[in-house]
Amino acid sequence: MDFSQSNLFGYIEDLQELTIIERPVRRSLKTPEEIERLTVDEELSDIERAVYLLSSGQDIQGTSVVANLPVLVRQNPAETLRRVLPKIREVLHVAGVEMQLTAAVSFLTVLQEESVSIHTYSHSFLHIILQNLEHRDAGVSNAWLETLLAVIEALPKETVRHEILNPLVSKAQLSQTLQSRLISCKIMGKLANKFEAHIIKREILPLVKSLCRDVEYEVRACMCRQLEHIAQGIGTELTKTMVLPELVELARDEGSSVRLAAFETLVNLLDMFDADDRSQTVLPLVKSFCEKSFKADESILVSLSFHLGKLCNGLYGIFTPEQHLRFLEFYKKLSTLGLQQENGHNDNQLQLQTLEQEKKYISVRKNCAYNFPAMIVFVDPKNFHLELYPIFFCLCHDPEVPIRYTMAVSFYEVAKLLNSSVYTIHKELVTLLQDESLEVLDALVGHLPEILELMANGGENGGSESKLLSIPDLIPALTAAEQRAATSLKWRTHEKLLQKYACLPHIISSDQIYYRFLHRMLTIVLTNNVLPVQKAAARTLCVYLRYNRKQEQRHEVIQKLIEQLGQGKSYWNRLRFLDTCEFIMELFSKSFFCKYFFLPVLELTHDPVANVRMKLCYLLPKVKSTLKIPTDKHLLQQLELCIRKLLCQEKDKDVLSIVKRTVLELDRIEISVDAFQKRFYKNGLLDQERQEYLLLEVEQLEKEKQQNEGRSTNINDKMFEKKRRDSKTSSMLTKSITVSVPGSSSGISAGKEDKKSKLVRSQSFSTQALHPKYSNTDKCPNKISNTGYTSSISGMGKSCMLSFSDDSFRTHSTGGSGNGTLPSNAASRSLFNSAHQKNNGTKESQSRRTSIKNRKSNS
């Protein structure tokens, strides 16, 4: 576009001309005469105003009255039916399309709301519906027909018979208009479910046969589609003798739309036919449809591909092996239709064919993707890799987005059907996760947790020990999918993806989550600009933290949350910190929140931004519910002190009003008592605290096991080296030197046995900690009893009074006393080893004293 000075002045002149033209139009919209005609006396009642507008108002006013008819019927049904409805009936004779459509909707609304009895409705409204049924406008006629079909369901049988069925005999005659006969077809389909079978046979079926043989193909096709409803009304026996022959005749009709309607009706009625009818009548017709679909009747191809899954499974019992293979090959051919051009055509013909049939071929392949789960059932999941995997590969890599989207939607169904053979579609899962279209990714993510669980546990090497061994590219695909969603404008897809990623702790290891996903979630919370995305990332981050198995990593993440969010420079980050604390209270135990986040949350009462203080006030009731008395008495005092400061020092009136309401709500919250906690612990009501404690125990045991394995390895290496040196020097020693240190070998063996016993004990303890049989705390060795657990919680609560220095992240005592904090893991291990050595020393001294006493007594 040229933006030179001359052209710019030309554009300005054009705009000025447009404004000049537009000004008279704006002024002429409302003239004084029109305003006078549109003015209505305000003292008129609703009924009088409606009658006045229908009598002398403009069309738009009359349409408004018709749209308001359900309200008038609810308010004053008698006057509305006596004065307003007759006026509407008069106006509809000359009304335009808009008023006709509005009247059809209003009449249906009155019926659905049941504002009047069904007898009154049929007396007042039914005749108006029937009069406008054959309106010259097709849209208006269909609207009144839909209203009539809904009315038929509610009307009593006698009314339907006298008002609708009897006039229908004349309306369905060949001498009537095409529109009248089409309406008669649809009405008969609705009447089939209203009357008994013998009435349908005597009064409706003759009309049905007549319309199935109508001279117009539109009438034959319309009546053919209603045969399904008629068959359901007359039952299996009459369907076999009276409906099936008509379907067979219509399936050979010269009109393609009639043949299509007959085919779809046959598929929908498969359940009503017995094995003989399926093998002798239905199967030959279906084979004929399949043969003609590629040659002379491509109009049926899309419908055939859509119903092929239902058709194959419906006729499965009567297929011979040859027919079974034939239908499977037909499906394979449809699945790749349009991807390969046939030879024997020049370039112009191919281009013209592609332009005309590309849309149809895409629809066929999309229908094949839709029917893929049904075809797995047809061939048996055991034969999937041999028979259907190449088709599955092609559909997942199809160049058209709708086909890949449909495969992504049905991927979970395919994975469920394959069950133990799900490992065969790992690559396709990675492919769809890496798809360039976000629509495909969004469709796949809907059932991503279930799919990943099947992938991790459903293969031949299922179980938690083999996580991701067979899907090496899954983690890069998941991270790439998140990055692609983050860089797009479709934030809802990104939010959905982050929510579904919360399932990963059950799929992959804790270290993989920590290094590949956890820090990414924190980055999203800190940098993303979309609030729902930030909240989804924060919640998923809390889930990752909940299932993290390394204490150092947990402390690092907690420290980052407090420093970068809770103490961040941006008030937006501090708001997200409060959201994160809300998720922590939902996912973690009360003790965990009090230990790490209680005081940082209270620090925000001094935040300079009013919105932060306001959000904190809304959160304070939940914060108070995490406290336990007397353990968290000091924290309760801190909370009360913060509330007093807010009441006294708050200057923002909105925050102050919320603080006052929060105080009243805080007074109604009851705080838990430790005595009750001990009793409820036995009933499993503190599962979160127990699971968190077990994670610490398992981590400790794993470290001890690794250290014991390392020590045993070093001892074995030393023994091997010593034996090697002894074998070399044995030839140099004289035979006279045979003095050995007594008890040295036994001491070494005793040391070995002692270390082996420690290792066995640690292994058995880890097994008990993980096994559900030993999930209760009183079953685990070296673990606290109920009283010890309560006292340890007390110690944890007291530790929250400290500042958030490095000491605040130490593991708390779980011993019998339970007061104060325990040293770190290494220190705890040294204490355990020293205690063990002291016990061994006391035992040895006691044994020596006993042996000396025995010697003295013997002497």
# chains A, B, ... in the order shown; residues from 1 in each chain; ligands from 1
>>> residues_around(residues="Ser141 in chain A", least_positions_apart="6", cutoff="12 Å", atoms="only C-alpha atoms", output="ChimeraX atom specification")
/A:97,100-101,103-104,129-135,147-148,179-180,182-183
>>> residues_around(residues="Ser117 in chain A", least_positions_apart="2", cutoff="12 Å", atoms="only C-alpha atoms", output="list in words")
Val73, Arg74, Pro77, Ala78, Val110, Leu111, Gln112, Glu113, Glu114, Ser115, His119, Thr120, Tyr121, Ser122, His123, Ser124, Phe125, Ala154, Leu155 and Pro156 of chain A
>>> closest_residue(among="A:Val377, A:Met407, A:Ala485, A:Ile425", to="Leu438 in chain A", atoms="only C-alpha atoms")
A:Ala485
>>> atom_distance(atom1="CA of Glu387 in chain A", atom2="CA of Ser410 in chain A")
18.3 Å
>>> residues_around(residues="Ala221 in chain A", least_positions_apart="6", cutoff="9 Å", atoms="only C-alpha atoms", output="number ranges by chain")
A: 212, 250, 255, 257-262
>>> decode(residues="range 99-228 of chain A", atoms="C-alpha atoms", output="compact mmCIF listing (two decimals), in the first residue's frame")
# COMPACT_ATOMS: atom_id res chain seq x y z
CA MET A 99 -42.78 -12.97 13.69
CA GLN A 100 -43.67 -16.47 12.47
CA LEU A 101 -40.43 -17.93 13.83
CA THR A 102 -40.90 -16.06 17.12
CA ALA A 103 -44.45 -17.36 17.45
CA ALA A 104 -43.36 -20.98 16.88
CA VAL A 105 -40.74 -20.66 19.64
CA SER A 106 -43.17 -18.93 22.03
CA PHE A 107 -45.85 -21.60 21.54
CA LEU A 108 -43.30 -24.31 22.29
CA THR A 109 -42.12 -22.43 25.41
CA VAL A 110 -45.69 -22.22 26.73
CA LEU A 111 -46.00 -25.99 26.29
CA GLN A 112 -42.70 -26.74 28.02
CA GLU A 113 -43.43 -24.44 30.95
CA GLU A 114 -46.86 -26.03 31.45
CA SER A 115 -48.38 -22.63 32.15
CA VAL A 116 -51.80 -23.97 31.10
CA SER A 117 -53.31 -27.45 31.12
CA ILE A 118 -52.78 -29.68 28.12
CA HIS A 119 -56.52 -29.61 27.37
CA THR A 120 -56.51 -25.79 27.29
CA TYR A 121 -53.36 -25.79 25.19
CA SER A 122 -54.81 -28.15 22.58
CA HIS A 123 -58.01 -26.08 22.45
CA SER A 124 -56.26 -22.69 22.13
CA PHE A 125 -52.87 -23.26 20.47
CA LEU A 126 -53.10 -26.48 18.40
CA HIS A 127 -55.30 -25.04 15.64
CA ILE A 128 -52.96 -22.07 15.15
CA ILE A 129 -50.00 -24.48 14.82
CA LEU A 130 -51.82 -26.61 12.23
CA GLN A 131 -52.89 -23.54 10.21
CA ASN A 132 -49.31 -22.28 9.82
CA LEU A 133 -47.77 -25.71 9.26
CA GLU A 134 -47.67 -25.36 5.46
CA HIS A 135 -46.18 -21.89 5.32
CA ARG A 136 -44.62 -20.95 2.00
CA ASP A 137 -41.26 -20.31 3.67
CA ALA A 138 -39.43 -23.59 4.32
CA GLY A 139 -37.76 -22.31 7.50
CA VAL A 140 -41.06 -21.19 9.00
CA SER A 141 -42.71 -24.48 8.04
CA ASN A 142 -39.96 -26.50 9.72
CA ALA A 143 -40.21 -24.35 12.87
CA TRP A 144 -43.96 -24.99 13.17
CA LEU A 145 -43.40 -28.68 12.43
CA GLU A 146 -40.89 -29.00 15.27
CA THR A 147 -43.41 -27.37 17.60
CA LEU A 148 -46.14 -29.78 16.44
CA LEU A 149 -43.95 -32.86 16.93
CA ALA A 150 -43.23 -31.72 20.49
CA VAL A 151 -46.95 -31.14 21.08
CA ILE A 152 -47.83 -34.65 19.84
CA GLU A 153 -45.80 -36.21 22.68
CA ALA A 154 -47.79 -34.28 25.30
CA LEU A 155 -51.29 -34.54 23.81
CA PRO A 156 -53.65 -37.39 24.80
CA LYS A 157 -54.19 -40.15 22.24
CA GLU A 158 -57.78 -39.23 21.45
CA THR A 159 -56.88 -35.64 20.70
CA VAL A 160 -54.01 -36.76 18.46
CA ARG A 161 -56.25 -39.19 16.66
CA HIS A 162 -59.04 -36.69 15.92
CA GLU A 163 -56.98 -33.55 15.34
CA ILE A 164 -53.85 -34.94 13.62
CA LEU A 165 -54.17 -38.57 12.45
CA ASN A 166 -57.56 -38.29 10.70
CA PRO A 167 -56.62 -35.18 8.66
CA LEU A 168 -53.28 -36.84 7.87
CA VAL A 169 -54.99 -39.38 5.58
CA SER A 170 -55.97 -36.66 3.14
CA LYS A 171 -52.73 -34.68 3.53
CA ALA A 172 -50.63 -37.73 2.51
CA GLN A 173 -52.41 -38.29 -0.80
CA LEU A 174 -50.57 -37.93 -4.08
CA SER A 175 -52.84 -35.04 -5.04
CA GLN A 176 -51.45 -32.90 -2.22
CA THR A 177 -48.40 -30.66 -2.53
CA LEU A 178 -44.84 -31.93 -2.09
CA GLN A 179 -44.49 -29.94 1.11
CA SER A 180 -47.67 -31.47 2.54
CA ARG A 181 -46.50 -35.02 1.80
CA LEU A 182 -43.07 -34.38 3.34
CA ILE A 183 -44.73 -33.05 6.51
CA SER A 184 -46.98 -36.13 6.58
CA CYS A 185 -43.91 -38.42 6.50
CA LYS A 186 -42.37 -36.80 9.58
CA ILE A 187 -45.67 -36.74 11.47
CA MET A 188 -46.20 -40.47 10.87
CA GLY A 189 -42.76 -41.22 12.22
CA LYS A 190 -43.75 -39.43 15.45
CA LEU A 191 -47.20 -41.09 15.61
CA ALA A 192 -45.64 -44.57 15.47
CA ASN A 193 -44.52 -44.21 19.10
CA LYS A 194 -47.89 -42.86 20.20
CA PHE A 195 -50.26 -45.70 19.31
CA GLU A 196 -50.40 -49.47 19.72
CA ALA A 197 -49.12 -51.84 17.04
CA HIS A 198 -52.54 -52.89 15.73
CA ILE A 199 -53.61 -49.24 15.21
CA ILE A 200 -50.36 -48.50 13.40
CA LYS A 201 -50.83 -51.56 11.21
CA ARG A 202 -54.43 -50.65 10.35
CA GLU A 203 -54.27 -46.88 9.94
CA ILE A 204 -50.63 -45.79 9.46
CA LEU A 205 -48.83 -48.58 7.54
CA PRO A 206 -51.00 -48.20 4.41
CA LEU A 207 -50.03 -44.53 4.25
CA VAL A 208 -46.38 -45.49 4.84
CA LYS A 209 -46.37 -47.89 1.90
CA SER A 210 -48.00 -45.28 -0.29
CA LEU A 211 -45.40 -42.67 0.58
CA CYS A 212 -42.52 -45.17 0.13
CA ARG A 213 -43.69 -45.50 -3.50
CA ASP A 214 -44.26 -41.81 -4.12
CA VAL A 215 -43.27 -40.36 -7.47
CA GLU A 216 -40.98 -37.79 -5.86
CA TYR A 217 -37.61 -39.06 -4.60
CA GLU A 218 -37.62 -36.51 -1.76
CA VAL A 219 -40.78 -38.08 -0.35
CA ARG A 220 -39.41 -41.62 -0.70
CA ALA A 221 -36.15 -40.65 1.06
CA CYS A 222 -37.99 -38.83 3.86
CA MET A 223 -40.36 -41.74 4.44
CA CYS A 224 -37.46 -44.19 4.37
CA ARG A 225 -35.76 -42.36 7.25
CA GLN A 226 -38.97 -42.61 9.30
CA LEU A 227 -39.13 -46.40 8.88
CA GLU A 228 -36.78 -46.79 11.85
